[in-house]
file query-v3.cif (mmCIF, C-alpha atoms and all ligand atoms)
data_structure
loop_
_atom_site.group_PDB
_atom_site.id
_atom_site.type_symbol
_atom_site.label_atom_id
_atom_site.label_comp_id
_atom_site.auth_asym_id
_atom_site.auth_seq_id
_atom_site.Cartn_x
_atom_site.Cartn_y
_atom_site.Cartn_z
ATOM 1 C CA MET A 1 -2.867 31.256 5.617
ATOM 2 C CA PRO A 2 -5.026 28.830 7.601
ATOM 3 C CA GLY A 3 -8.201 30.540 6.392
ATOM 4 C CA ASP A 4 -7.283 29.819 2.745
ATOM 5 C CA ARG A 5 -6.889 26.081 3.214
ATOM 6 C CA PRO A 6 -9.527 23.734 1.854
ATOM 7 C CA ARG A 7 -11.478 22.388 4.791
ATOM 8 C CA THR A 8 -13.896 19.478 4.977
ATOM 9 C CA SER A 9 -16.109 19.956 7.995
ATOM 10 C CA VAL A 10 -18.283 17.587 9.961
ATOM 11 C CA GLY A 11 -21.905 18.381 9.207
ATOM 12 C CA THR A 12 -24.619 15.810 9.780
ATOM 13 C CA ALA A 13 -22.382 13.109 8.300
ATOM 14 C CA ALA A 14 -19.971 10.781 10.018
ATOM 15 C CA VAL A 15 -16.565 11.587 8.581
ATOM 16 C CA ILE A 16 -14.069 8.729 8.582
ATOM 17 C CA VAL A 17 -10.461 9.335 7.586
ATOM 18 C CA ILE A 18 -8.392 6.267 6.682
ATOM 19 C CA VAL A 19 -4.709 7.157 6.796
ATOM 20 C CA GLY A 20 -2.977 4.717 4.442
ATOM 21 C CA GLY A 21 -4.501 3.173 1.321
ATOM 22 C CA GLY A 22 -2.463 -0.042 1.333
ATOM 23 C CA PRO A 23 -3.944 -3.514 1.828
ATOM 24 C CA ARG A 24 -5.069 -2.835 5.412
ATOM 25 C CA GLY A 25 -6.709 0.492 4.600
ATOM 26 C CA THR A 26 -8.365 -1.145 1.592
ATOM 27 C CA GLY A 27 -9.579 -4.073 3.694
ATOM 28 C CA VAL A 28 -11.024 -1.741 6.328
ATOM 29 C CA LEU A 29 -12.776 0.275 3.619
ATOM 30 C CA GLU A 30 -14.225 -2.897 2.060
ATOM 31 C CA ARG A 31 -15.570 -4.004 5.464
ATOM 32 C CA ILE A 32 -17.119 -0.597 6.264
ATOM 33 C CA LEU A 33 -18.861 -0.612 2.881
ATOM 34 C CA ALA A 34 -19.978 -4.237 3.335
ATOM 35 C CA HIS A 35 -21.597 -3.349 6.672
ATOM 36 C CA GLU A 36 -23.178 -0.182 5.286
ATOM 37 C CA SER A 37 -24.613 -2.064 2.308
ATOM 38 C CA VAL A 38 -26.938 -3.903 4.714
ATOM 39 C CA ASN A 39 -27.552 -1.025 7.124
ATOM 40 C CA ALA A 40 -31.327 -0.812 7.556
ATOM 41 C CA ASP A 41 -31.142 2.708 8.999
ATOM 42 C CA PRO A 42 -28.434 4.470 6.970
ATOM 43 C CA THR A 43 -27.121 7.958 7.704
ATOM 44 C CA PRO A 44 -24.615 9.854 5.519
ATOM 45 C CA ILE A 45 -20.979 8.827 5.818
ATOM 46 C CA ASP A 46 -18.007 10.541 4.180
ATOM 47 C CA ILE A 47 -14.892 8.404 3.938
ATOM 48 C CA HIS A 48 -11.542 9.989 3.062
ATOM 49 C CA VAL A 49 -8.656 7.697 2.126
ATOM 50 C CA VAL A 50 -5.341 9.534 2.350
ATOM 51 C CA ASP A 51 -2.143 8.125 0.855
ATOM 52 C CA PRO A 52 0.522 9.672 -1.388
ATOM 53 C CA TYR A 53 0.715 6.330 -3.252
ATOM 54 C CA PRO A 54 -2.072 4.746 -5.373
ATOM 55 C CA ALA A 55 -4.996 3.582 -3.235
ATOM 56 C CA GLY A 56 -5.168 -0.200 -3.084
ATOM 57 C CA ALA A 57 -1.527 -1.008 -3.676
ATOM 58 C CA GLY A 58 -0.126 1.795 -1.559
ATOM 59 C CA ARG A 59 3.599 2.222 -1.121
ATOM 60 C CA ILE A 60 4.730 -1.396 -0.725
ATOM 61 C CA TRP A 61 2.816 -2.758 -3.707
ATOM 62 C CA ARG A 62 2.883 0.235 -6.026
ATOM 63 C CA GLY A 63 3.204 -0.687 -9.684
ATOM 64 C CA SER A 64 6.091 1.668 -10.359
ATOM 65 C CA GLN A 65 8.831 -0.625 -9.085
ATOM 66 C CA ALA A 66 11.217 -3.055 -10.735
ATOM 67 C CA PRO A 67 9.202 -6.045 -12.047
ATOM 68 C CA LEU A 68 11.948 -8.332 -10.727
ATOM 69 C CA LEU A 69 10.775 -7.580 -7.170
ATOM 70 C CA TRP A 70 8.412 -10.374 -6.214
ATOM 71 C CA MET A 71 5.958 -11.336 -3.509
ATOM 72 C CA ASN A 72 6.834 -14.136 -1.117
ATOM 73 C CA SER A 73 3.281 -15.549 -1.134
ATOM 74 C CA THR A 74 1.923 -17.788 -3.892
ATOM 75 C CA THR A 75 -0.944 -16.387 -5.967
ATOM 76 C CA ALA A 76 -3.418 -18.977 -4.610
ATOM 77 C CA ASP A 77 -2.679 -17.791 -1.066
ATOM 78 C CA VAL A 78 -3.349 -14.113 -1.756
ATOM 79 C CA THR A 79 -6.843 -12.749 -1.358
ATOM 80 C CA MET A 80 -8.445 -9.561 -0.108
ATOM 81 C CA PHE A 81 -11.898 -11.108 0.290
ATOM 82 C CA THR A 82 -13.958 -12.889 2.902
ATOM 83 C CA ASP A 83 -15.350 -16.361 2.311
ATOM 84 C CA GLU A 84 -17.094 -19.098 4.306
ATOM 85 C CA THR A 85 -13.851 -19.747 6.228
ATOM 86 C CA THR A 86 -13.575 -16.163 7.452
ATOM 87 C CA ALA A 87 -14.533 -15.457 11.067
ATOM 88 C CA VAL A 88 -16.025 -12.002 10.623
ATOM 89 C CA ILE A 89 -18.983 -9.971 11.794
ATOM 90 C CA GLY A 90 -20.925 -8.599 8.853
ATOM 91 C CA PRO A 91 -21.624 -9.759 5.305
ATOM 92 C CA VAL A 92 -19.331 -12.337 3.732
ATOM 93 C CA LEU A 93 -18.545 -11.070 0.225
ATOM 94 C CA PRO A 94 -16.330 -13.542 -1.637
ATOM 95 C CA GLY A 95 -14.036 -12.505 -4.454
ATOM 96 C CA PRO A 96 -11.155 -13.917 -6.465
ATOM 97 C CA THR A 97 -7.740 -14.857 -5.151
ATOM 98 C CA LEU A 98 -4.850 -13.318 -7.032
ATOM 99 C CA ALA A 99 -4.505 -16.586 -8.998
ATOM 100 C CA GLU A 100 -8.198 -16.566 -10.008
ATOM 101 C CA TRP A 101 -8.143 -12.855 -10.806
ATOM 102 C CA VAL A 102 -5.177 -13.233 -13.159
ATOM 103 C CA ALA A 103 -6.732 -16.290 -14.844
ATOM 104 C CA GLU A 104 -9.991 -14.372 -15.440
ATOM 105 C CA ARG A 105 -8.268 -11.482 -17.261
ATOM 106 C CA SER A 106 -4.933 -12.803 -18.490
ATOM 107 C CA ALA A 107 -5.387 -11.418 -22.018
ATOM 108 C CA GLU A 108 -6.163 -7.944 -20.690
ATOM 109 C CA LEU A 109 -3.240 -8.021 -18.227
ATOM 110 C CA ALA A 110 -0.805 -9.237 -20.880
ATOM 111 C CA GLU A 111 -1.307 -5.881 -22.632
ATOM 112 C CA PHE A 112 0.803 -4.179 -19.961
ATOM 113 C CA PRO A 113 4.481 -4.335 -21.024
ATOM 114 C CA GLU A 114 5.929 -4.680 -17.509
ATOM 115 C CA ILE A 115 3.918 -7.835 -16.769
ATOM 116 C CA ALA A 116 3.290 -9.157 -20.303
ATOM 117 C CA ALA A 117 5.914 -11.910 -20.049
ATOM 118 C CA GLU A 118 4.883 -12.900 -16.528
ATOM 119 C CA VAL A 119 1.104 -13.191 -16.940
ATOM 120 C CA PRO A 120 1.041 -16.331 -19.156
ATOM 121 C CA THR A 121 3.331 -18.121 -16.694
ATOM 122 C CA ILE A 122 1.175 -17.518 -13.616
ATOM 123 C CA THR A 123 -0.254 -20.594 -11.887
ATOM 124 C CA PRO A 124 -1.796 -20.895 -8.397
ATOM 125 C CA SER A 125 1.639 -21.891 -7.068
ATOM 126 C CA SER A 126 3.530 -19.009 -8.725
ATOM 127 C CA PHE A 127 5.149 -16.170 -6.852
ATOM 128 C CA ALA A 128 3.880 -13.067 -8.606
ATOM 129 C CA SER A 129 5.744 -9.810 -9.087
ATOM 130 C CA ARG A 130 4.742 -6.889 -6.906
ATOM 131 C CA SER A 131 3.805 -5.083 -10.152
ATOM 132 C CA LEU A 132 1.158 -7.724 -10.818
ATOM 133 C CA GLN A 133 -0.073 -7.715 -7.220
ATOM 134 C CA SER A 134 -0.333 -3.930 -7.532
ATOM 135 C CA ARG A 135 -2.968 -4.257 -10.234
ATOM 136 C CA TYR A 136 -4.975 -6.745 -8.157
ATOM 137 C CA LEU A 137 -4.969 -4.465 -5.114
ATOM 138 C CA ASN A 138 -5.920 -1.391 -7.140
ATOM 139 C CA TRP A 139 -8.802 -3.383 -8.640
ATOM 140 C CA VAL A 140 -9.966 -4.500 -5.189
ATOM 141 C CA PHE A 141 -9.986 -0.877 -4.033
ATOM 142 C CA GLU A 142 -11.898 0.360 -7.091
ATOM 143 C CA THR A 143 -14.370 -2.517 -6.843
ATOM 144 C CA ALA A 144 -15.031 -1.698 -3.193
ATOM 145 C CA VAL A 145 -15.595 1.996 -3.983
ATOM 146 C CA ASP A 146 -17.918 1.102 -6.855
ATOM 147 C CA SER A 147 -19.972 -0.988 -4.424
ATOM 148 C CA ALA A 148 -20.519 1.907 -2.009
ATOM 149 C CA PRO A 149 -24.200 2.394 -1.140
ATOM 150 C CA ALA A 150 -25.758 5.783 -1.931
ATOM 151 C CA HIS A 151 -25.347 7.179 1.583
ATOM 152 C CA VAL A 152 -21.563 6.639 1.594
ATOM 153 C CA ASP A 153 -19.196 8.957 -0.254
ATOM 154 C CA VAL A 154 -15.573 7.843 -0.706
ATOM 155 C CA ARG A 155 -12.856 10.318 -1.615
ATOM 156 C CA VAL A 156 -9.182 9.611 -2.236
ATOM 157 C CA HIS A 157 -6.467 12.154 -1.436
ATOM 158 C CA ARG A 158 -3.007 11.486 -2.937
ATOM 159 C CA ARG A 159 -1.370 13.305 -0.014
ATOM 160 C CA SER A 160 0.374 12.556 3.288
ATOM 161 C CA VAL A 161 -1.170 13.205 6.671
ATOM 162 C CA VAL A 162 1.217 15.415 8.639
ATOM 163 C CA ASP A 163 -0.749 15.948 11.851
ATOM 164 C CA ILE A 164 -3.878 14.892 13.707
ATOM 165 C CA VAL A 165 -5.228 17.161 16.433
ATOM 166 C CA ASN A 166 -7.974 16.366 18.940
ATOM 167 C CA VAL A 167 -10.642 19.070 18.964
ATOM 168 C CA GLY A 168 -13.489 18.282 21.331
ATOM 169 C CA GLU A 169 -15.441 15.312 19.957
ATOM 170 C CA THR A 170 -13.674 15.418 16.589
ATOM 171 C CA GLN A 171 -10.148 15.234 15.237
ATOM 172 C CA THR A 172 -8.676 17.520 12.619
ATOM 173 C CA VAL A 173 -6.514 15.741 10.095
ATOM 174 C CA HIS A 174 -3.903 17.911 8.390
ATOM 175 C CA LEU A 175 -2.657 16.987 4.926
ATOM 176 C CA ASP A 176 0.671 18.060 3.436
ATOM 177 C CA ASP A 177 -1.036 20.381 0.935
ATOM 178 C CA GLY A 178 -2.543 22.374 3.805
ATOM 179 C CA ALA A 179 -5.988 20.812 3.492
ATOM 180 C CA VAL A 180 -7.774 19.991 6.744
ATOM 181 C CA ILE A 181 -10.417 17.329 7.305
ATOM 182 C CA ASP A 182 -12.586 17.414 10.434
ATOM 183 C CA ALA A 183 -13.148 13.768 11.274
ATOM 184 C CA THR A 184 -15.411 11.879 13.620
ATOM 185 C CA THR A 185 -13.200 8.785 13.258
ATOM 186 C CA VAL A 186 -9.585 8.403 12.178
ATOM 187 C CA LEU A 187 -8.173 4.983 11.261
ATOM 188 C CA LEU A 188 -4.409 4.655 11.079
ATOM 189 C CA ALA A 189 -3.407 2.011 8.508
ATOM 190 C CA GLN A 190 0.122 3.213 7.888
ATOM 191 C CA GLY A 191 1.979 -0.095 7.781
ATOM 192 C CA HIS A 192 5.575 0.123 8.955
ATOM 193 C CA PRO A 193 6.407 3.818 9.281
ATOM 194 C CA ASP A 194 9.896 4.976 8.340
ATOM 195 C CA ALA A 195 12.314 5.186 11.253
ATOM 196 C CA LEU A 196 15.131 7.593 11.981
ATOM 197 C CA PRO A 197 18.617 6.012 11.763
ATOM 198 C CA ALA A 198 19.578 4.105 14.923
ATOM 199 C CA PRO A 199 23.029 4.740 16.498
ATOM 200 C CA ARG A 200 24.477 1.685 14.702
ATOM 201 C CA GLU A 201 23.327 2.984 11.326
ATOM 202 C CA THR A 202 24.669 6.453 12.064
ATOM 203 C CA ALA A 203 28.025 4.907 13.002
ATOM 204 C CA LEU A 204 28.101 2.843 9.788
ATOM 205 C CA THR A 205 27.307 5.949 7.733
ATOM 206 C CA SER A 206 30.256 7.777 9.336
ATOM 207 C CA PHE A 207 32.552 4.772 8.905
ATOM 208 C CA ALA A 208 31.705 4.494 5.216
ATOM 209 C CA SER A 209 32.180 8.208 4.716
ATOM 210 C CA ASP A 210 35.585 8.150 6.466
ATOM 211 C CA HIS A 211 36.805 5.215 4.377
ATOM 212 C CA GLY A 212 35.520 6.166 0.936
ATOM 213 C CA LEU A 213 32.859 3.424 0.996
ATOM 214 C CA THR A 214 29.150 3.403 0.183
ATOM 215 C CA TYR A 215 26.622 2.611 2.902
ATOM 216 C CA VAL A 216 22.918 2.151 2.178
ATOM 217 C CA GLY A 217 20.823 2.112 5.350
ATOM 218 C CA PRO A 218 17.699 0.056 6.023
ATOM 219 C CA GLY A 219 14.622 0.996 4.026
ATOM 220 C CA TYR A 220 12.074 -0.314 1.621
ATOM 221 C CA THR A 221 14.099 -1.598 -1.324
ATOM 222 C CA ALA A 222 11.976 0.059 -4.003
ATOM 223 C CA ASP A 223 12.680 3.429 -2.376
ATOM 224 C CA LEU A 224 16.469 2.924 -2.342
ATOM 225 C CA ASP A 225 18.859 3.599 -5.215
ATOM 226 C CA ALA A 226 20.767 0.473 -6.234
ATOM 227 C CA ASP A 227 22.732 2.533 -8.782
ATOM 228 C CA VAL A 228 24.959 3.966 -6.019
ATOM 229 C CA ILE A 229 26.655 0.535 -6.024
ATOM 230 C CA PRO A 230 28.927 0.198 -9.085
ATOM 231 C CA ASP A 231 28.990 -3.038 -11.095
ATOM 232 C CA GLY A 232 31.558 -5.569 -9.967
ATOM 233 C CA GLU A 233 32.167 -4.126 -6.493
ATOM 234 C CA PRO A 234 32.206 -6.419 -3.464
ATOM 235 C CA VAL A 235 29.027 -5.921 -1.417
ATOM 236 C CA LEU A 236 28.324 -6.870 2.187
ATOM 237 C CA ILE A 237 24.627 -7.214 3.085
ATOM 238 C CA ALA A 238 23.578 -7.301 6.738
ATOM 239 C CA GLY A 239 20.466 -9.436 7.223
ATOM 240 C CA LEU A 240 18.948 -12.384 5.393
ATOM 241 C CA GLY A 241 15.299 -11.316 5.169
ATOM 242 C CA LEU A 242 13.100 -10.023 2.362
ATOM 243 C CA ALA A 243 15.340 -7.057 1.650
ATOM 244 C CA PHE A 244 18.306 -9.395 1.162
ATOM 245 C CA ILE A 245 16.450 -11.180 -1.641
ATOM 246 C CA ASP A 246 15.515 -7.823 -3.168
ATOM 247 C CA TRP A 247 19.137 -6.658 -3.142
ATOM 248 C CA MET A 248 20.343 -9.939 -4.653
ATOM 249 C CA VAL A 249 17.884 -9.447 -7.501
ATOM 250 C CA LEU A 250 18.669 -5.760 -8.001
ATOM 251 C CA LEU A 251 22.450 -6.189 -7.911
ATOM 252 C CA ALA A 252 22.705 -9.470 -9.813
ATOM 253 C CA GLU A 253 19.769 -10.549 -11.982
ATOM 254 C CA SER A 254 18.689 -7.043 -12.990
ATOM 255 C CA ARG A 255 22.263 -6.334 -14.139
ATOM 256 C CA GLY A 256 22.388 -9.459 -16.211
HETATM 257 C C1 LIG B 301 9.493 -5.716 0.635
HETATM 258 C C2 LIG B 301 8.235 -6.304 1.230
HETATM 259 C C3 LIG B 301 7.684 -7.460 0.694
HETATM 260 C C4 LIG B 301 6.544 -8.017 1.245
HETATM 261 N N1 LIG B 301 6.035 -9.151 0.702
HETATM 262 C C5 LIG B 301 4.913 -9.685 1.218
HETATM 263 C C6 LIG B 301 4.308 -10.839 0.634
HETATM 264 O O1 LIG B 301 4.814 -11.392 -0.319
HETATM 265 N N2 LIG B 301 3.174 -11.310 1.146
HETATM 266 C C7 LIG B 301 2.589 -10.717 2.225
HETATM 267 O O2 LIG B 301 1.538 -11.182 2.656
HETATM 268 N N3 LIG B 301 3.136 -9.632 2.800
HETATM 269 C C8 LIG B 301 4.272 -9.103 2.342
HETATM 270 N N4 LIG B 301 4.810 -7.995 2.899
HETATM 271 C C9 LIG B 301 4.185 -7.423 4.086
HETATM 272 C C10 LIG B 301 3.394 -6.164 3.774
HETATM 273 O O3 LIG B 301 3.737 -5.236 4.764
HETATM 274 C C11 LIG B 301 1.917 -6.458 3.771
HETATM 275 O O4 LIG B 301 1.630 -7.361 2.710
HETATM 276 C C12 LIG B 301 1.016 -5.261 3.537
HETATM 277 O O5 LIG B 301 1.574 -4.361 2.593
HETATM 278 C C13 LIG B 301 0.702 -4.540 4.810
HETATM 279 O O6 LIG B 301 -0.371 -3.664 4.506
HETATM 280 P P1 LIG B 301 -0.625 -2.327 5.268
HETATM 281 O O7 LIG B 301 -1.746 -1.643 4.564
HETATM 282 O O8 LIG B 301 -0.749 -2.602 6.719
HETATM 283 O O9 LIG B 301 0.725 -1.498 5.139
HETATM 284 P P2 LIG B 301 1.380 -0.866 3.815
HETATM 285 O O10 LIG B 301 1.244 -1.769 2.663
HETATM 286 O O11 LIG B 301 2.736 -0.437 4.236
HETATM 287 O O12 LIG B 301 0.475 0.406 3.541
HETATM 288 C C14 LIG B 301 0.511 1.509 4.392
HETATM 289 C C15 LIG B 301 0.218 2.737 3.570
HETATM 290 O O13 LIG B 301 0.146 3.854 4.466
HETATM 291 C C16 LIG B 301 0.642 4.980 3.773
HETATM 292 N N5 LIG B 301 1.031 5.979 4.763
HETATM 293 C C17 LIG B 301 1.957 5.856 5.743
HETATM 294 N N6 LIG B 301 2.035 7.004 6.448
HETATM 295 C C18 LIG B 301 1.147 7.860 5.880
HETATM 296 C C19 LIG B 301 0.779 9.200 6.147
HETATM 297 N N7 LIG B 301 1.346 9.908 7.138
HETATM 298 N N8 LIG B 301 -0.164 9.779 5.367
HETATM 299 C C20 LIG B 301 -0.756 9.079 4.355
HETATM 300 N N9 LIG B 301 -0.443 7.794 4.063
HETATM 301 C C21 LIG B 301 0.489 7.210 4.813
HETATM 302 C C22 LIG B 301 1.830 4.433 2.971
HETATM 303 O O14 LIG B 301 2.147 5.276 1.867
HETATM 304 C C23 LIG B 301 1.301 3.060 2.546
HETATM 305 O O15 LIG B 301 0.751 3.076 1.248
HETATM 306 C C24 LIG B 301 5.945 -7.409 2.367
HETATM 307 C C25 LIG B 301 6.504 -6.249 2.890
HETATM 308 C C26 LIG B 301 7.622 -5.700 2.336
HETATM 309 C C27 LIG B 301 8.216 -4.446 2.943
#

call {"tool": "encode", "arguments": {"input": "query-v3.cif", "output": "structure tokens"}}
result
Amino acid sequence: MPGDRPRTSVGTAAVIVIVGGGPRGTGVLERILAHESVNADPTPIDIHVVDPYPAGAGRIWRGSQAPLLWMNSTTADVTMFTDETTAVIGPVLPGPTLAEWVAERSAELAEFPEIAAEVPTITPSSFASRSLQSRYLNWVFETAVDSAPAHVDVRVHRRSVVDIVNVGETQTVHLDDGAVIDATTVLLAQGHPDALPAPRETALTSFASDHGLTYVGPGYTADLDADVIPDGEPVLIAGLGLAFIDWMVLLAESRG
């Protein structure tokens, strides 16, 4: 029943909905809060961050994935913060790179079993696991929220947005639990959305099915099930990008 759904309405406040709490959504949030922290004439702002995955890391960098899946950037090259080299309007608010962040709290991070062996080995030129990067991104998000000035309220919804409808000057954002948010601004920070299978992938699925083979279509590796491929079977991988490296790790190193 539409009338029973929780509804957040636009009152006197600006209501901003950020769809996607990955690195881009987190960066946008940090910048909004940085600007508002020096706003000489503040008015209330409600910010809603909507993502079914943990805010900060989001889907790509979520901690709940095989620790053998790594980043392809070195820890010294990863930062979510502005510094004197950043061309940006608004306050420059420096913060640690991933390398500096790990060095500052290595003892604390080594308490987590999935990254305990990795943490002592991290140098500025290391390639970190996505599990470790996950913790950095979640910290960046929480640090940004903690910095919010009094006139800004940030709420996180662990849901998916299923529809956005224009209604006069506002937009209604529909979440998959039936909740509705009336927004004055909607920011889409969804990364690479999933795609329906292309004709080639549909044909490969049929071919595999007809010949008693297994076909795994394109997708984000952490979302796919490597266990459908039995040990010792010949495997053909199409493509030599990031997902190729992931599959090599999942089918070889992770199986010993
Ligand atoms: C396997 C892999 C490895 C990578 N490695 C690196 C690397 O080493 N270094 C690097 O710099 N970049 C890397 N990238 C690139 C990566 O895309 C970016 O680092 C970064 O994650 C992009 O951030 P984003 O916020 O734009 O998108 P994402 O990280 O994809 O975040 C988008 C978020 O939007 C959410 N979302 C989508 N639709 C909805 C919806 N309808 N409702 C609510 N939420 C929604 C998703 O759940 C997700 O959390 C890698 C990408 C992949 C796929």

call {"tool": "residues_near_ligand", "arguments": {"input": "query-v3.cif", "ligand": "ligand LIG 301 (chain B)", "cutoff": "6 Å", "atoms": "all atoms listed in the file", "output": "ChimeraX atom specification"}}
result
/A:19-25,50-53,58-60,71-73,160-162,189-192,220,242

call {"tool": "residues_around", "arguments": {"input": "query-v3.cif", "residues": "Ala99 in chain A", "least_positions_apart": "4", "cutoff": "10 Å", "atoms": "only C-alpha atoms", "output": "JSON, numbers by chain"}}
result
{"A": [74, 75, 76, 77, 78, 79, 103, 104, 122, 123, 124, 125, 126, 127, 128, 136]}

call {"tool": "resolve_selection", "arguments": {"input": "query-v3.cif", "expression": "the PyMOL selection byres (((chain A and resi 105) around 12) and not hetatm)", "output": "PDB file with C-alpha atoms, in the coordinates of the input"}}
result
ATOM      1  CA  PRO A  96     -11.155 -13.917  -6.465  1.00  0.00           C
ATOM      2  CA  LEU A  98      -4.850 -13.318  -7.032  1.00  0.00           C
ATOM      3  CA  ALA A  99      -4.505 -16.586  -8.998  1.00  0.00           C
ATOM      4  CA  GLU A 100      -8.198 -16.566 -10.008  1.00  0.00           C
ATOM      5  CA  TRP A 101      -8.143 -12.855 -10.806  1.00  0.00           C
ATOM      6  CA  VAL A 102      -5.177 -13.233 -13.159  1.00  0.00           C
ATOM      7  CA  ALA A 103      -6.732 -16.290 -14.844  1.00  0.00           C
ATOM      8  CA  GLU A 104      -9.991 -14.372 -15.440  1.00  0.00           C
ATOM      9  CA  SER A 106      -4.933 -12.803 -18.490  1.00  0.00           C
ATOM     10  CA  ALA A 107      -5.387 -11.418 -22.018  1.00  0.00           C
ATOM     11  CA  GLU A 108      -6.163  -7.944 -20.690  1.00  0.00           C
ATOM     12  CA  LEU A 109      -3.240  -8.021 -18.227  1.00  0.00           C
ATOM     13  CA  ALA A 110      -0.805  -9.237 -20.880  1.00  0.00           C
ATOM     14  CA  GLU A 111      -1.307  -5.881 -22.632  1.00  0.00           C
ATOM     15  CA  PHE A 112       0.803  -4.179 -19.961  1.00  0.00           C
ATOM     16  CA  VAL A 119       1.104 -13.191 -16.940  1.00  0.00           C
ATOM     17  CA  PRO A 120       1.041 -16.331 -19.156  1.00  0.00           C
ATOM     18  CA  ILE A 122       1.175 -17.518 -13.616  1.00  0.00           C
ATOM     19  CA  ARG A 135      -2.968  -4.257 -10.234  1.00  0.00           C
ATOM     20  CA  TYR A 136      -4.975  -6.745  -8.157  1.00  0.00           C
ATOM     21  CA  TRP A 139      -8.802  -3.383  -8.640  1.00  0.00           C
TER      22      TRP A 139
END

call {"tool": "resolve_selection", "arguments": {"input": "query-v3.cif", "expression": "the PyMOL selection byres (((chain A and resi 15) around 12) and not hetatm)", "output": "NGL selection string"}}
result
:A and (8-14 or 16-18 or 43-49 or 152-155 or 170-173 or 181-187)

call {"tool": "resolve_selection", "arguments": {"input": "query-v3.cif", "expression": "the PyMOL selection byres (((chain A and resi 229-239) around 10) and not hetatm)", "output": "list of chain:residue names"}}
result
A:Leu213, A:Thr214, A:Tyr215, A:Val216, A:Gly217, A:Pro218, A:Asp225, A:Ala226, A:Asp227, A:Val228, A:Leu240, A:Gly241, A:Leu242, A:Ala243, A:Phe244, A:Ile245, A:Trp247, A:Met248, A:Leu251, A:Ala252, A:Arg255

call {"tool": "residues_around", "arguments": {"input": "query-v3.cif", "residues": "range 28-33 of chain A", "least_positions_apart": "3", "cutoff": "8 Å", "atoms": "all atoms listed in the file", "output": "JSON, numbers by chain"}}
result
{"A": [24, 25, 36, 37, 90, 141, 144, 145, 147, 148, 149, 152]}

call {"tool": "atom_distance", "arguments": {"input": "query-v3.cif", "atom1": "CA of Phe81 in chain A", "atom2": "CA of Glu114 in chain A"}}
result
26.0 Å

call {"tool": "atom_distance", "arguments": {"input": "query-v3.cif", "atom1": "CA of Leu69 in chain A", "atom2": "CA of Ala222 in chain A"}}
result
8.4 Å

call {"tool": "closest_residue", "arguments": {"input": "query-v3.cif", "among": "A:Ile164, A:Ala40, A:Ala198, A:Leu204", "to": "His151 in chain A", "atoms": "only C-alpha atoms"}}
result
A:Ala40

call {"tool": "closest_residue", "arguments": {"input": "query-v3.cif", "among": "A:Arg159, A:Arg200, A:Arg130, A:His211", "to": "Ser64 in chain A", "atoms": "all atoms listed in the file"}}
result
A:Arg130

call {"tool": "atom_distance", "arguments": {"input": "query-v3.cif", "atom1": "CA of Asp41 in chain A", "atom2": "CA of Ile89 in chain A"}}
result
17.8 Å

call {"tool": "closest_residue", "arguments": {"input": "query-v3.cif", "among": "A:Gly63, A:Thr85, A:Gly168, A:Ala179", "to": "Pro113 in chain A", "atoms": "all atoms listed in the file"}}
result
A:Gly63

call {"tool": "axis_aligned_box", "arguments": {"input": "query-v3.cif", "around": "range 191-204 of chain A", "padding_each_side": "6 Å", "output": "JSON"}}
result
{"center_x": 15.0, "center_y": 3.7, "center_z": 12.1, "size_x": 38.1, "size_y": 19.7, "size_z": 20.7}

call {"tool": "decode", "arguments": {"input": "query-v3.cif", "residues": "range 141-150 of chain A", "atoms": "N, CA and C atoms", "output": "CSV table (one decimal), in the first residue's frame"}}
result
chain,number,residue,atom,x,y,z
A,141,PHE,N,34.5,7.3,4.5
A,141,PHE,CA,33.1,7.7,4.6
A,141,PHE,C,32.7,8.1,6.0
A,142,GLU,N,33.1,7.3,7.0
A,142,GLU,CA,32.7,7.6,8.4
A,142,GLU,C,33.3,8.9,8.8
A,143,THR,N,34.6,9.1,8.4
A,143,THR,CA,35.3,10.4,8.8
A,143,THR,C,34.5,11.6,8.2
A,144,ALA,N,34.1,11.5,6.9
A,144,ALA,CA,33.4,12.6,6.3
A,144,ALA,C,32.1,12.8,7.0
A,145,VAL,N,31.3,11.8,7.4
A,145,VAL,CA,30.0,11.9,8.1
A,145,VAL,C,30.3,12.6,9.4
A,146,ASP,N,31.3,12.1,10.1
A,146,ASP,CA,31.6,12.7,11.4
A,146,ASP,C,31.9,14.2,11.4
A,147,SER,N,32.4,14.6,10.2
A,147,SER,CA,32.8,16.0,10.0
A,147,SER,C,31.6,16.9,9.7
A,148,ALA,N,30.4,16.3,9.5
A,148,ALA,CA,29.3,17.1,9.0
A,148,ALA,C,29.0,18.3,9.9
A,149,PRO,N,28.8,19.5,9.4
A,149,PRO,CA,28.4,20.6,10.3
A,149,PRO,C,26.9,20.4,10.8
A,150,ALA,N,26.6,21.1,11.8
A,150,ALA,CA,25.3,20.9,12.5
A,150,ALA,C,24.1,21.0,11.6
